[in-house]
There are 2 protein chains.
Amino acid sequence: MLVKDKRSNCPVSCALDIWGDKWSLLIVRDLMLFDKKTYGDFLKSTERIATNILASRLQSLEEHGIITKREHPESKAKVLYMITQKGIELLPMVIETMLWADKYYPASDEIKGILIEIARNKEAFIESKYRELQRTALT
Amino acid sequence: MLVKDKRSNCPVSCALDIWGDKWSLLIVRDLMLFDKKTYGDFLKSTERIATNILASRLQSLEEHGIITKREHPESKAKVLYMITQKGIELLPMVIETMLWADKYYPASDEIKGILIEIARNKEAFIESKYRELQRTALT
DNA sequence: ACTTTTACTTGCATATTGCAAGCAAATTTA
DNA sequence: TAAATTTGCTTGCAATATGCAAGTAAAAGT
């Protein structure tokens with residue numbers, strides 16, 4: 001899973017070098033939309049990521065500056081994973097992905113709520129979520 | 001590369017089941033932005049996809065309704081690959097991906113031109129490209 | 001007819017994924 | 001305070017996917 005060097009200078013290619021796999025964006029999604037913060041949180045997601053894959057993806061995302069690790073305020077046994085500014089900026093791309101897939105594949109009820117909000121006013125949703133993520137990222 | 005069934009009903013997960021790999025979106029990019037249409041065109045892209053991987057991705061994209069094959073008007077030896085409506089609708093997501101990556105990784109000159117256009121008026125660019133793709137998809 | 005182009009397929013070595021089990025430090029429970 | 005549990009991983013190994021090189025058949029060009 002190590003990308004030695006970029007395949008090209010195309011931004012699409014550069015982006016895929018970082019998150020072009022089946023799992024990385026699910027971790028980003030969990031951080032951005034489902035308030036998940038720990039290793040155990042990510043493991044519990046419905047897609048059932050394998051523990052070794054999760055560890056490797058977390059490391060890769062950290063190396064690429066999308067997430068950072070912090071001390072968990074409640075326990076030294078836990079690790080707090082946080083999304084970075086660079087990661088927060090993936091929000092518009094994630095939203096467009098959700099809107100695309102929603103058109104062709106039935107979403108779960110949990111997500112339908114979010115999609116309704118987005119449908120109501122996409123820009124406002126992004127703006128509000130963006131600020132919310134930045135706020136929690138600073139504390 | 002066969003996704004037997006969806007991992008979950010999350011739209012992000014569904015989308016990744018289809019194009020969550022290092023290559024599929026590069027083919028979509030080539031079709032949408034670089035006017036590539038044939039097997040040979042895709043092989044020539046700077047990222048240098050292996051020929052067997054290209055064949056498997058084209059098949060997968062076709063199975064998922066993102067692209068279709070047509071007779072090439074100039075030659076029976078060639079195959080014309082076309083993007084479908086479902087594929088065209090990936091445009092906003094691809095654009096957001098480009099904008100994200102452009103912020104952190106230097107783009108090639110060929111792409112800088114497109115990015116400048118997008119920066120000038122994103123909505124207008126998407127709208128115009130969207131219609132252009134629909135037009136060529138109909139002929 | 002012969003060569004080249006085109007769109008693939010095949011074989012095989014290497015890399016990645018996924019499953020299950022293991023493990024040490026921290027925390028909770030008895 | 002000793003034992004059990006939680007937490008965040010690592011390890012081993014089988015299955016799958018990737019990447020490279022070579023091959024192939026139909027069509028096109030010379």
# chains A, B, ... in the order shown; residues from 1 in each chain; ligands from 1
>>> residues_around(residues="segment 15-30 of chain C", least_positions_apart="6", cutoff="9 Å", atoms="only C-alpha atoms (C1' of nucleotides)", output="PyMOL selection string")
(chain A and resi 1+49-50+52-53+75-78) or (chain D and resi 2-7+9-12+14-18)
>>> select_by_dssp(residues="segment 31-129 of chain B", states="strand (DSSP E or B)", output="MDAnalysis selection string")
chainID B and resid 67:71 79:83
>>> residues_around(residues="Asp35 of chain A", least_positions_apart="6", cutoff="12 Å", atoms="only C-alpha atoms (C1' of nucleotides)", output="list in words")
Ile27, Val28, Arg29, Asp41, Phe42, Ser45, Leu80, Tyr81, Met82, Ile83, Lys129, Glu132, Leu133, Thr136 and Ala137 of chain A
>>> write_last_selection(atoms="all heavy atoms", output="tab-separated table (two decimals), in the first residue's frame")
chain	number	residue	atom	x	y	z
A	27	ILE	N	-12.88	5.84	6.18
A	27	ILE	CA	-12.35	6.39	7.43
A	27	ILE	C	-12.59	7.90	7.46
A	27	ILE	O	-13.04	8.44	8.48
A	27	ILE	CB	-10.85	6.06	7.57
A	27	ILE	CG1	-10.65	4.55	7.65
A	27	ILE	CG2	-10.26	6.75	8.80
A	27	ILE	CD1	-9.20	4.11	7.59
A	28	VAL	N	-12.32	8.55	6.34
A	28	VAL	CA	-12.56	10.00	6.25
A	28	VAL	C	-14.05	10.29	6.48
A	28	VAL	O	-14.41	11.20	7.23
A	28	VAL	CB	-12.10	10.53	4.87
A	28	VAL	CG1	-12.56	11.97	4.66
A	28	VAL	CG2	-10.58	10.43	4.74
A	29	ARG	N	-14.89	9.52	5.83
A	29	ARG	CA	-16.34	9.66	6.04
A	29	ARG	C	-16.71	9.53	7.52
A	29	ARG	O	-17.44	10.36	8.07
A	29	ARG	CB	-17.08	8.57	5.25
A	29	ARG	CG	-18.57	8.47	5.57
A	29	ARG	CD	-19.13	7.08	5.25
A	29	ARG	NE	-18.53	6.05	6.13
A	29	ARG	CZ	-18.80	4.76	6.06
A	29	ARG	NH1	-19.63	4.31	5.12
A	29	ARG	NH2	-18.23	3.90	6.89
A	41	ASP	N	-13.89	2.63	17.08
A	41	ASP	CA	-15.00	3.23	16.35
A	41	ASP	C	-14.97	2.81	14.88
A	41	ASP	O	-15.98	2.40	14.31
A	41	ASP	CB	-14.91	4.77	16.41
A	41	ASP	CG	-15.26	5.32	17.78
A	41	ASP	OD1	-15.87	4.59	18.58
A	41	ASP	OD2	-14.91	6.49	18.04
A	42	PHE	N	-13.79	2.94	14.26
A	42	PHE	CA	-13.67	2.62	12.84
A	42	PHE	C	-13.92	1.14	12.58
A	42	PHE	O	-14.56	0.77	11.60
A	42	PHE	CB	-12.28	3.01	12.32
A	42	PHE	CG	-11.95	4.46	12.51
A	42	PHE	CD1	-10.76	4.85	13.11
A	42	PHE	CD2	-12.83	5.45	12.08
A	42	PHE	CE1	-10.45	6.19	13.30
A	42	PHE	CE2	-12.53	6.80	12.26
A	42	PHE	CZ	-11.33	7.17	12.88
A	45	SER	N	-17.59	0.08	12.07
A	45	SER	CA	-18.38	0.53	10.91
A	45	SER	C	-18.96	-0.66	10.16
A	45	SER	O	-18.38	-1.75	10.14
A	45	SER	CB	-17.50	1.35	9.96
A	45	SER	OG	-17.25	2.60	10.53
A	80	LEU	N	-6.93	9.13	19.98
A	80	LEU	CA	-7.90	9.99	19.32
A	80	LEU	C	-7.41	10.31	17.92
A	80	LEU	O	-6.33	10.91	17.77
A	80	LEU	CB	-8.06	11.28	20.13
A	80	LEU	CG	-9.44	11.90	20.21
A	80	LEU	CD1	-9.48	12.92	21.34
A	80	LEU	CD2	-9.83	12.53	18.92
A	81	TYR	N	-8.16	9.91	16.93
A	81	TYR	CA	-7.82	10.26	15.55
A	81	TYR	C	-8.61	11.49	15.15
A	81	TYR	O	-9.81	11.57	15.38
A	81	TYR	CB	-8.14	9.09	14.61
A	81	TYR	CG	-7.14	7.98	14.74
A	81	TYR	CD1	-7.37	6.89	15.56
A	81	TYR	CD2	-5.93	8.04	14.04
A	81	TYR	CE1	-6.44	5.86	15.68
A	81	TYR	CE2	-4.99	7.03	14.16
A	81	TYR	CZ	-5.25	5.95	14.97
A	81	TYR	OH	-4.33	4.95	15.09
A	82	MET	N	-7.91	12.44	14.55
A	82	MET	CA	-8.57	13.67	14.13
A	82	MET	C	-8.31	13.98	12.67
A	82	MET	O	-7.25	13.66	12.14
A	82	MET	CB	-8.05	14.84	14.97
A	82	MET	CG	-8.53	14.76	16.41
A	82	MET	SD	-7.87	16.13	17.35
A	82	MET	CE	-8.27	17.49	16.28
A	83	ILE	N	-9.28	14.59	12.04
A	83	ILE	CA	-9.10	14.98	10.65
A	83	ILE	C	-8.37	16.32	10.61
A	83	ILE	O	-8.60	17.20	11.44
A	83	ILE	CB	-10.47	15.02	9.93
A	83	ILE	CG1	-10.26	15.04	8.42
A	83	ILE	CG2	-11.32	16.19	10.39
A	83	ILE	CD1	-11.45	14.51	7.65
A	129	LYS	N	-20.88	22.27	7.93
A	129	LYS	CA	-20.11	21.10	8.35
A	129	LYS	C	-18.62	21.42	8.38
A	129	LYS	O	-17.88	21.00	9.29
A	129	LYS	CB	-20.40	19.94	7.40
A	129	LYS	CG	-19.62	18.68	7.63
A	129	LYS	CD	-19.86	18.07	9.01
A	129	LYS	CE	-21.20	17.39	9.09
A	129	LYS	NZ	-21.38	16.69	10.40
A	132	GLU	N	-17.88	23.34	11.47
A	132	GLU	CA	-18.01	22.44	12.62
A	132	GLU	C	-16.75	21.59	12.76
A	132	GLU	O	-16.20	21.42	13.86
A	132	GLU	CB	-19.24	21.54	12.42
A	132	GLU	CG	-19.41	20.46	13.47
A	132	GLU	CD	-20.43	19.40	13.01
A	132	GLU	OE1	-21.36	19.74	12.28
A	132	GLU	OE2	-20.25	18.21	13.38
A	133	LEU	N	-16.26	21.06	11.65
A	133	LEU	CA	-15.06	20.22	11.68
A	133	LEU	C	-13.83	21.04	12.08
A	133	LEU	O	-12.99	20.57	12.85
A	133	LEU	CB	-14.83	19.57	10.31
A	133	LEU	CG	-15.83	18.46	9.94
A	133	LEU	CD1	-15.69	18.08	8.47
A	133	LEU	CD2	-15.63	17.23	10.83
A	136	THR	N	-14.00	21.56	15.95
A	136	THR	CA	-13.60	20.40	16.75
A	136	THR	C	-12.12	20.07	16.53
A	136	THR	O	-11.48	19.51	17.39
A	136	THR	CB	-14.47	19.18	16.43
A	136	THR	OG1	-14.38	18.91	15.04
A	136	THR	CG2	-15.92	19.43	16.80
A	137	ALA	N	-11.60	20.42	15.36
A	137	ALA	CA	-10.19	20.15	15.08
A	137	ALA	C	-9.29	21.02	15.94
A	137	ALA	O	-8.15	20.67	16.22
A	137	ALA	CB	-9.89	20.37	13.61
>>> select_by_dssp(residues="chain A", states="helix (DSSP H, G or I)", output="number ranges by chain")
A: 11-19, 24-33, 39-43, 51-63, 85-88, 91-104, 109-120, 122-138
>>> interface_residues(of="chain D", to="chain B", cutoff="8 Å", atoms="only C-alpha atoms (C1' of nucleotides)", output="PDB file with all heavy atoms, in the first residue's frame")
ATOM      1  P    DA D  17      -9.981 -10.361  -6.632  1.00  0.00           P
ATOM      2  OP1  DA D  17     -11.191  -9.530  -6.431  1.00  0.00           O
ATOM      3  OP2  DA D  17      -9.940 -11.366  -7.709  1.00  0.00           O
ATOM      4  O5'  DA D  17      -8.733  -9.379  -6.826  1.00  0.00           O
ATOM      5  C5'  DA D  17      -8.321  -8.554  -5.747  1.00  0.00           C
ATOM      6  C4'  DA D  17      -7.103  -7.762  -6.163  1.00  0.00           C
ATOM      7  O4'  DA D  17      -5.927  -8.593  -6.093  1.00  0.00           O
ATOM      8  C3'  DA D  17      -7.158  -7.197  -7.578  1.00  0.00           C
ATOM      9  O3'  DA D  17      -6.720  -5.847  -7.485  1.00  0.00           O
ATOM     10  C2'  DA D  17      -6.223  -8.109  -8.363  1.00  0.00           C
ATOM     11  C1'  DA D  17      -5.191  -8.482  -7.305  1.00  0.00           C
ATOM     12  N9   DA D  17      -4.525  -9.773  -7.471  1.00  0.00           N
ATOM     13  C8   DA D  17      -5.108 -10.996  -7.655  1.00  0.00           C
ATOM     14  N7   DA D  17      -4.253 -11.990  -7.737  1.00  0.00           N
ATOM     15  C5   DA D  17      -3.024 -11.374  -7.588  1.00  0.00           C
ATOM     16  C6   DA D  17      -1.708 -11.877  -7.574  1.00  0.00           C
ATOM     17  N6   DA D  17      -1.412 -13.163  -7.723  1.00  0.00           N
ATOM     18  N1   DA D  17      -0.694 -10.982  -7.400  1.00  0.00           N
ATOM     19  C2   DA D  17      -0.997  -9.687  -7.240  1.00  0.00           C
ATOM     20  N3   DA D  17      -2.188  -9.107  -7.236  1.00  0.00           N
ATOM     21  C4   DA D  17      -3.166 -10.015  -7.412  1.00  0.00           C
ATOM     22  P    DT D  18      -6.565  -4.924  -8.764  1.00  0.00           P
ATOM     23  OP1  DT D  18      -6.890  -3.545  -8.353  1.00  0.00           O
ATOM     24  OP2  DT D  18      -7.221  -5.555  -9.917  1.00  0.00           O
ATOM     25  O5'  DT D  18      -4.981  -4.999  -8.979  1.00  0.00           O
ATOM     26  C5'  DT D  18      -4.114  -4.516  -7.947  1.00  0.00           C
ATOM     27  C4'  DT D  18      -2.680  -4.620  -8.411  1.00  0.00           C
ATOM     28  O4'  DT D  18      -2.338  -6.007  -8.572  1.00  0.00           O
ATOM     29  C3'  DT D  18      -2.395  -3.924  -9.734  1.00  0.00           C
ATOM     30  O3'  DT D  18      -1.360  -2.983  -9.489  1.00  0.00           O
ATOM     31  C2'  DT D  18      -2.004  -5.071 -10.672  1.00  0.00           C
ATOM     32  C1'  DT D  18      -1.521  -6.154  -9.709  1.00  0.00           C
ATOM     33  N1   DT D  18      -1.665  -7.574 -10.116  1.00  0.00           N
ATOM     34  C2   DT D  18      -0.538  -8.370 -10.164  1.00  0.00           C
ATOM     35  O2   DT D  18       0.585  -7.970  -9.905  1.00  0.00           O
ATOM     36  N3   DT D  18      -0.776  -9.679 -10.521  1.00  0.00           N
ATOM     37  C4   DT D  18      -2.000 -10.261 -10.809  1.00  0.00           C
ATOM     38  O4   DT D  18      -2.089 -11.447 -11.118  1.00  0.00           O
ATOM     39  C5   DT D  18      -3.138  -9.363 -10.735  1.00  0.00           C
ATOM     40  C7   DT D  18      -4.497  -9.898 -11.034  1.00  0.00           C
ATOM     41  C6   DT D  18      -2.919  -8.085 -10.396  1.00  0.00           C
ATOM     42  P    DG D  19      -0.857  -1.980 -10.621  1.00  0.00           P
ATOM     43  OP1  DG D  19      -0.279  -0.784  -9.967  1.00  0.00           O
ATOM     44  OP2  DG D  19      -1.951  -1.835 -11.601  1.00  0.00           O
ATOM     45  O5'  DG D  19       0.325  -2.804 -11.291  1.00  0.00           O
ATOM     46  C5'  DG D  19       1.422  -3.194 -10.480  1.00  0.00           C
ATOM     47  C4'  DG D  19       2.446  -3.898 -11.345  1.00  0.00           C
ATOM     48  O4'  DG D  19       2.015  -5.258 -11.591  1.00  0.00           O
ATOM     49  C3'  DG D  19       2.659  -3.259 -12.722  1.00  0.00           C
ATOM     50  O3'  DG D  19       4.044  -3.288 -12.974  1.00  0.00           O
ATOM     51  C2'  DG D  19       1.878  -4.184 -13.665  1.00  0.00           C
ATOM     52  C1'  DG D  19       2.096  -5.529 -12.989  1.00  0.00           C
ATOM     53  N9   DG D  19       1.107  -6.566 -13.253  1.00  0.00           N
ATOM     54  C8   DG D  19      -0.252  -6.420 -13.373  1.00  0.00           C
ATOM     55  N7   DG D  19      -0.880  -7.552 -13.582  1.00  0.00           N
ATOM     56  C5   DG D  19       0.127  -8.506 -13.609  1.00  0.00           C
ATOM     57  C6   DG D  19       0.070  -9.907 -13.804  1.00  0.00           C
ATOM     58  O6   DG D  19      -0.920 -10.610 -13.998  1.00  0.00           O
ATOM     59  N1   DG D  19       1.334 -10.485 -13.746  1.00  0.00           N
ATOM     60  C2   DG D  19       2.508  -9.799 -13.528  1.00  0.00           C
ATOM     61  N2   DG D  19       3.622 -10.527 -13.509  1.00  0.00           N
ATOM     62  N3   DG D  19       2.584  -8.483 -13.346  1.00  0.00           N
ATOM     63  C4   DG D  19       1.365  -7.909 -13.396  1.00  0.00           C
ATOM     64  P    DC D  20       4.730  -2.347 -14.043  1.00  0.00           P
ATOM     65  OP1  DC D  20       5.741  -1.572 -13.307  1.00  0.00           O
ATOM     66  OP2  DC D  20       3.672  -1.661 -14.818  1.00  0.00           O
ATOM     67  O5'  DC D  20       5.477  -3.352 -15.034  1.00  0.00           O
ATOM     68  C5'  DC D  20       6.429  -4.285 -14.501  1.00  0.00           C
ATOM     69  C4'  DC D  20       6.514  -5.494 -15.411  1.00  0.00           C
ATOM     70  O4'  DC D  20       5.298  -6.254 -15.324  1.00  0.00           O
ATOM     71  C3'  DC D  20       6.705  -5.165 -16.893  1.00  0.00           C
ATOM     72  O3'  DC D  20       7.994  -5.619 -17.281  1.00  0.00           O
ATOM     73  C2'  DC D  20       5.581  -5.917 -17.602  1.00  0.00           C
ATOM     74  C1'  DC D  20       5.148  -6.943 -16.555  1.00  0.00           C
ATOM     75  N1   DC D  20       3.731  -7.393 -16.661  1.00  0.00           N
ATOM     76  C2   DC D  20       3.452  -8.756 -16.797  1.00  0.00           C
ATOM     77  O2   DC D  20       4.393  -9.553 -16.840  1.00  0.00           O
ATOM     78  N3   DC D  20       2.168  -9.161 -16.880  1.00  0.00           N
ATOM     79  C4   DC D  20       1.177  -8.269 -16.832  1.00  0.00           C
ATOM     80  N4   DC D  20      -0.080  -8.721 -16.909  1.00  0.00           N
ATOM     81  C5   DC D  20       1.435  -6.866 -16.686  1.00  0.00           C
ATOM     82  C6   DC D  20       2.708  -6.476 -16.604  1.00  0.00           C
ATOM     83  P    DA D  26      -9.744 -14.600 -36.151  1.00  0.00           P
ATOM     84  OP1  DA D  26     -10.841 -15.550 -35.891  1.00  0.00           O
ATOM     85  OP2  DA D  26      -8.697 -14.900 -37.160  1.00  0.00           O
ATOM     86  O5'  DA D  26     -10.388 -13.186 -36.535  1.00  0.00           O
ATOM     87  C5'  DA D  26     -11.016 -12.390 -35.540  1.00  0.00           C
ATOM     88  C4'  DA D  26     -10.834 -10.922 -35.867  1.00  0.00           C
ATOM     89  O4'  DA D  26      -9.459 -10.534 -35.625  1.00  0.00           O
ATOM     90  C3'  DA D  26     -11.121 -10.569 -37.335  1.00  0.00           C
ATOM     91  O3'  DA D  26     -12.005  -9.461 -37.355  1.00  0.00           O
ATOM     92  C2'  DA D  26      -9.759 -10.213 -37.916  1.00  0.00           C
ATOM     93  C1'  DA D  26      -9.019  -9.711 -36.692  1.00  0.00           C
ATOM     94  N9   DA D  26      -7.557  -9.825 -36.747  1.00  0.00           N
ATOM     95  C8   DA D  26      -6.813 -10.948 -37.015  1.00  0.00           C
ATOM     96  N7   DA D  26      -5.508 -10.739 -36.967  1.00  0.00           N
ATOM     97  C5   DA D  26      -5.406  -9.396 -36.656  1.00  0.00           C
ATOM     98  C6   DA D  26      -4.291  -8.561 -36.462  1.00  0.00           C
ATOM     99  N6   DA D  26      -3.020  -8.972 -36.559  1.00  0.00           N
ATOM    100  N1   DA D  26      -4.523  -7.269 -36.159  1.00  0.00           N
ATOM    101  C2   DA D  26      -5.794  -6.853 -36.061  1.00  0.00           C
ATOM    102  N3   DA D  26      -6.930  -7.539 -36.209  1.00  0.00           N
ATOM    103  C4   DA D  26      -6.658  -8.820 -36.506  1.00  0.00           C
ATOM    104  P    DA D  27     -12.704  -8.994 -38.730  1.00  0.00           P
ATOM    105  OP1  DA D  27     -14.097  -8.624 -38.411  1.00  0.00           O
ATOM    106  OP2  DA D  27     -12.396  -9.975 -39.800  1.00  0.00           O
ATOM    107  O5'  DA D  27     -11.898  -7.648 -39.042  1.00  0.00           O
ATOM    108  C5'  DA D  27     -11.865  -6.630 -38.053  1.00  0.00           C
ATOM    109  C4'  DA D  27     -10.807  -5.620 -38.426  1.00  0.00           C
ATOM    110  O4'  DA D  27      -9.508  -6.234 -38.357  1.00  0.00           O
ATOM    111  C3'  DA D  27     -10.948  -5.050 -39.836  1.00  0.00           C
ATOM    112  O3'  DA D  27     -11.085  -3.646 -39.707  1.00  0.00           O
ATOM    113  C2'  DA D  27      -9.646  -5.460 -40.543  1.00  0.00           C
ATOM    114  C1'  DA D  27      -8.701  -5.675 -39.381  1.00  0.00           C
ATOM    115  N9   DA D  27      -7.595  -6.613 -39.578  1.00  0.00           N
ATOM    116  C8   DA D  27      -7.672  -7.945 -39.899  1.00  0.00           C
ATOM    117  N7   DA D  27      -6.499  -8.542 -39.976  1.00  0.00           N
ATOM    118  C5   DA D  27      -5.602  -7.533 -39.694  1.00  0.00           C
ATOM    119  C6   DA D  27      -4.183  -7.513 -39.624  1.00  0.00           C
ATOM    120  N6   DA D  27      -3.420  -8.597 -39.840  1.00  0.00           N
ATOM    121  N1   DA D  27      -3.592  -6.345 -39.307  1.00  0.00           N
ATOM    122  C2   DA D  27      -4.357  -5.272 -39.089  1.00  0.00           C
ATOM    123  N3   DA D  27      -5.692  -5.161 -39.126  1.00  0.00           N
ATOM    124  C4   DA D  27      -6.248  -6.347 -39.430  1.00  0.00           C
ATOM    125  P    DA D  28     -11.325  -2.724 -40.970  1.00  0.00           P
ATOM    126  OP1  DA D  28     -12.119  -1.573 -40.492  1.00  0.00           O
ATOM    127  OP2  DA D  28     -11.787  -3.546 -42.106  1.00  0.00           O
ATOM    128  O5'  DA D  28      -9.845  -2.213 -41.265  1.00  0.00           O
ATOM    129  C5'  DA D  28      -9.112  -1.645 -40.182  1.00  0.00           C
ATOM    130  C4'  DA D  28      -7.773  -1.144 -40.673  1.00  0.00           C
ATOM    131  O4'  DA D  28      -6.858  -2.245 -40.757  1.00  0.00           O
ATOM    132  C3'  DA D  28      -7.824  -0.487 -42.051  1.00  0.00           C
ATOM    133  O3'  DA D  28      -7.211   0.792 -41.909  1.00  0.00           O
ATOM    134  C2'  DA D  28      -7.040  -1.438 -42.959  1.00  0.00           C
ATOM    135  C1'  DA D  28      -6.159  -2.206 -41.980  1.00  0.00           C
ATOM    136  N9   DA D  28      -5.901  -3.611 -42.313  1.00  0.00           N
ATOM    137  C8   DA D  28      -6.820  -4.572 -42.638  1.00  0.00           C
ATOM    138  N7   DA D  28      -6.296  -5.763 -42.851  1.00  0.00           N
ATOM    139  C5   DA D  28      -4.937  -5.559 -42.657  1.00  0.00           C
ATOM    140  C6   DA D  28      -3.830  -6.437 -42.734  1.00  0.00           C
ATOM    141  N6   DA D  28      -3.938  -7.732 -43.048  1.00  0.00           N
ATOM    142  N1   DA D  28      -2.612  -5.912 -42.481  1.00  0.00           N
ATOM    143  C2   DA D  28      -2.514  -4.612 -42.161  1.00  0.00           C
ATOM    144  N3   DA D  28      -3.475  -3.698 -42.048  1.00  0.00           N
ATOM    145  C4   DA D  28      -4.680  -4.239 -42.320  1.00  0.00           C
TER     146       DA D  28
END
>>> closest_residue(among="B:Thr38, B:Thr84, B:Ser8, B:Thr68", to="chain A", atoms="only C-alpha atoms")
B:Ser8
>>> atom_distance(atom1="atom CA of Tyr130 of chain B", atom2="atom CA of Ser108 of chain B")
23.1 Å
>>> residues_around(residues="Val94 of chain A", least_positions_apart="6", cutoff="12 Å", atoms="only C-alpha atoms (C1' of nucleotides)", output="ChimeraX atom specification")
/A:19,24-33,87-88,100-101,115,118,126 /B:10-13,15-16,90,92-97,100
>>> write_last_selection(atoms="C-alpha atoms", output="PDB file, in the first residue's frame")
ATOM      1  CA  TRP A  19      -7.137   7.651  -1.252  1.00  0.00           C
ATOM      2  CA  SER A  24      -9.416   5.194   3.041  1.00  0.00           C
ATOM      3  CA  LEU A  25     -12.414   7.378   2.219  1.00  0.00           C
ATOM      4  CA  LEU A  26     -14.618   5.362   4.563  1.00  0.00           C
ATOM      5  CA  ILE A  27     -12.354   6.388   7.432  1.00  0.00           C
ATOM      6  CA  VAL A  28     -12.564   9.996   6.246  1.00  0.00           C
ATOM      7  CA  ARG A  29     -16.345   9.658   6.038  1.00  0.00           C
ATOM      8  CA  ASP A  30     -16.491   8.254   9.584  1.00  0.00           C
ATOM      9  CA  LEU A  31     -14.416  11.152  10.895  1.00  0.00           C
ATOM     10  CA  MET A  32     -16.369  13.798   8.987  1.00  0.00           C
ATOM     11  CA  LEU A  33     -19.945  12.616   9.215  1.00  0.00           C
ATOM     12  CA  GLY A  87      -8.738  16.185   5.274  1.00  0.00           C
ATOM     13  CA  ILE A  88     -11.606  18.576   5.967  1.00  0.00           C
ATOM     14  CA  TRP A 100     -23.872  10.613  -7.177  1.00  0.00           C
ATOM     15  CA  ALA A 101     -24.265   7.251  -5.482  1.00  0.00           C
ATOM     16  CA  LEU A 115     -28.802  13.535   2.090  1.00  0.00           C
ATOM     17  CA  ILE A 118     -27.678  18.314   1.558  1.00  0.00           C
ATOM     18  CA  ILE A 126     -20.884  22.077   3.292  1.00  0.00           C
TER      19      ILE A 126
ATOM     20  CA  CYS B  10     -23.692   3.935   2.465  1.00  0.00           C
ATOM     21  CA  PRO B  11     -23.369   5.914  -0.774  1.00  0.00           C
ATOM     22  CA  VAL B  12     -19.661   6.502  -0.166  1.00  0.00           C
ATOM     23  CA  SER B  13     -19.126   2.784   0.219  1.00  0.00           C
ATOM     24  CA  ALA B  15     -19.307   4.469  -4.910  1.00  0.00           C
ATOM     25  CA  LEU B  16     -15.995   2.981  -3.763  1.00  0.00           C
ATOM     26  CA  LEU B  90     -19.392  11.834 -11.904  1.00  0.00           C
ATOM     27  CA  PRO B  92     -18.801  17.271 -10.122  1.00  0.00           C
ATOM     28  CA  MET B  93     -17.014  14.681  -7.988  1.00  0.00           C
ATOM     29  CA  VAL B  94     -14.064  14.589 -10.375  1.00  0.00           C
ATOM     30  CA  ILE B  95     -13.881  18.384 -10.416  1.00  0.00           C
ATOM     31  CA  GLU B  96     -13.877  18.558  -6.602  1.00  0.00           C
ATOM     32  CA  THR B  97     -11.135  15.937  -6.573  1.00  0.00           C
ATOM     33  CA  TRP B 100      -8.566  19.372  -3.735  1.00  0.00           C
TER      34      TRP B 100
END
>>> closest_atom_pairs(of="chain C", to="chain B", cutoff="9 Å", atoms="only C-alpha atoms (C1' of nucleotides)", output="Markdown table")
| residue | atom | partner | partner_atom | distance |
| --- | --- | --- | --- | --- |
| C:DT5 | C1' | B:Ala77 | CA | 8.2 |
| C:DT6 | C1' | B:Ala77 | CA | 5.6 |
| C:DA7 | C1' | B:Tyr39 | CA | 6.7 |
| C:DC8 | C1' | B:Ala55 | CA | 7.2 |
| C:DT9 | C1' | B:Asn52 | CA | 7.9 |
>>> write_last_selection(atoms="N, CA, C and O atoms (P, O5', C5', C4', C3', O3' and C1' of nucleotides)", output="CSV table (one decimal), in the first residue's frame")
chain,number,residue,atom,x,y,z
C,5,DT,P,2.5,0.3,-36.7
C,5,DT,O5',0.9,0.2,-36.3
C,5,DT,C5',0.0,0.6,-37.3
C,5,DT,C4',-1.4,0.2,-36.9
C,5,DT,C3',-1.7,0.6,-35.4
C,5,DT,O3',-2.9,1.3,-35.5
C,5,DT,C1',-2.3,-1.7,-35.9
C,6,DT,P,-3.6,2.0,-34.2
C,6,DT,O5',-4.6,1.0,-33.5
C,6,DT,C5',-5.7,0.5,-34.3
C,6,DT,C4',-6.3,-0.7,-33.6
C,6,DT,C3',-6.4,-0.4,-32.0
C,6,DT,O3',-7.8,-0.2,-31.7
C,6,DT,C1',-5.7,-2.7,-32.6
C,7,DA,P,-8.2,0.1,-30.2
C,7,DA,O5',-8.6,-1.3,-29.6
C,7,DA,C5',-9.6,-2.1,-30.3
C,7,DA,C4',-9.6,-3.5,-29.7
C,7,DA,C3',-9.7,-3.5,-28.2
C,7,DA,O3',-10.6,-4.6,-27.8
C,7,DA,C1',-7.9,-4.7,-28.8
C,8,DC,P,-11.4,-4.5,-26.4
C,8,DC,O5',-10.1,-4.6,-25.3
C,8,DC,C5',-9.9,-5.8,-24.5
C,8,DC,C4',-9.4,-6.9,-25.4
C,8,DC,C3',-8.9,-8.1,-24.5
C,8,DC,O3',-10.0,-9.0,-24.4
C,8,DC,C1',-7.3,-7.6,-26.2
C,9,DT,P,-10.0,-10.0,-23.1
C,9,DT,O5',-8.9,-11.0,-23.4
C,9,DT,C5',-8.9,-11.9,-24.5
C,9,DT,C4',-7.8,-12.9,-24.4
C,9,DT,C3',-7.7,-13.7,-23.0
C,9,DT,O3',-7.4,-15.0,-23.3
C,9,DT,C1',-5.6,-12.6,-23.5
>>> closest_residue(among="B:Lys22, B:His72, B:His64, B:Lys6", to="chain A", atoms="only C-alpha atoms")
B:Lys22
>>> atom_distance(atom1="atom CA of Ile114 of chain B", atom2="atom CA of Gly65 of chain B")
26.4 Å
>>> residues_around(residues="DA22 of chain D", least_positions_apart="4", cutoff="12 Å", atoms="only C-alpha atoms (C1' of nucleotides)", output="list in words")
DT9, DT10, DG11 and DC12 of chain C
>>> atom_distance(atom1="atom C1' of DG8 of chain D", atom2="atom CA of Asp5 of chain B")
29.6 Å
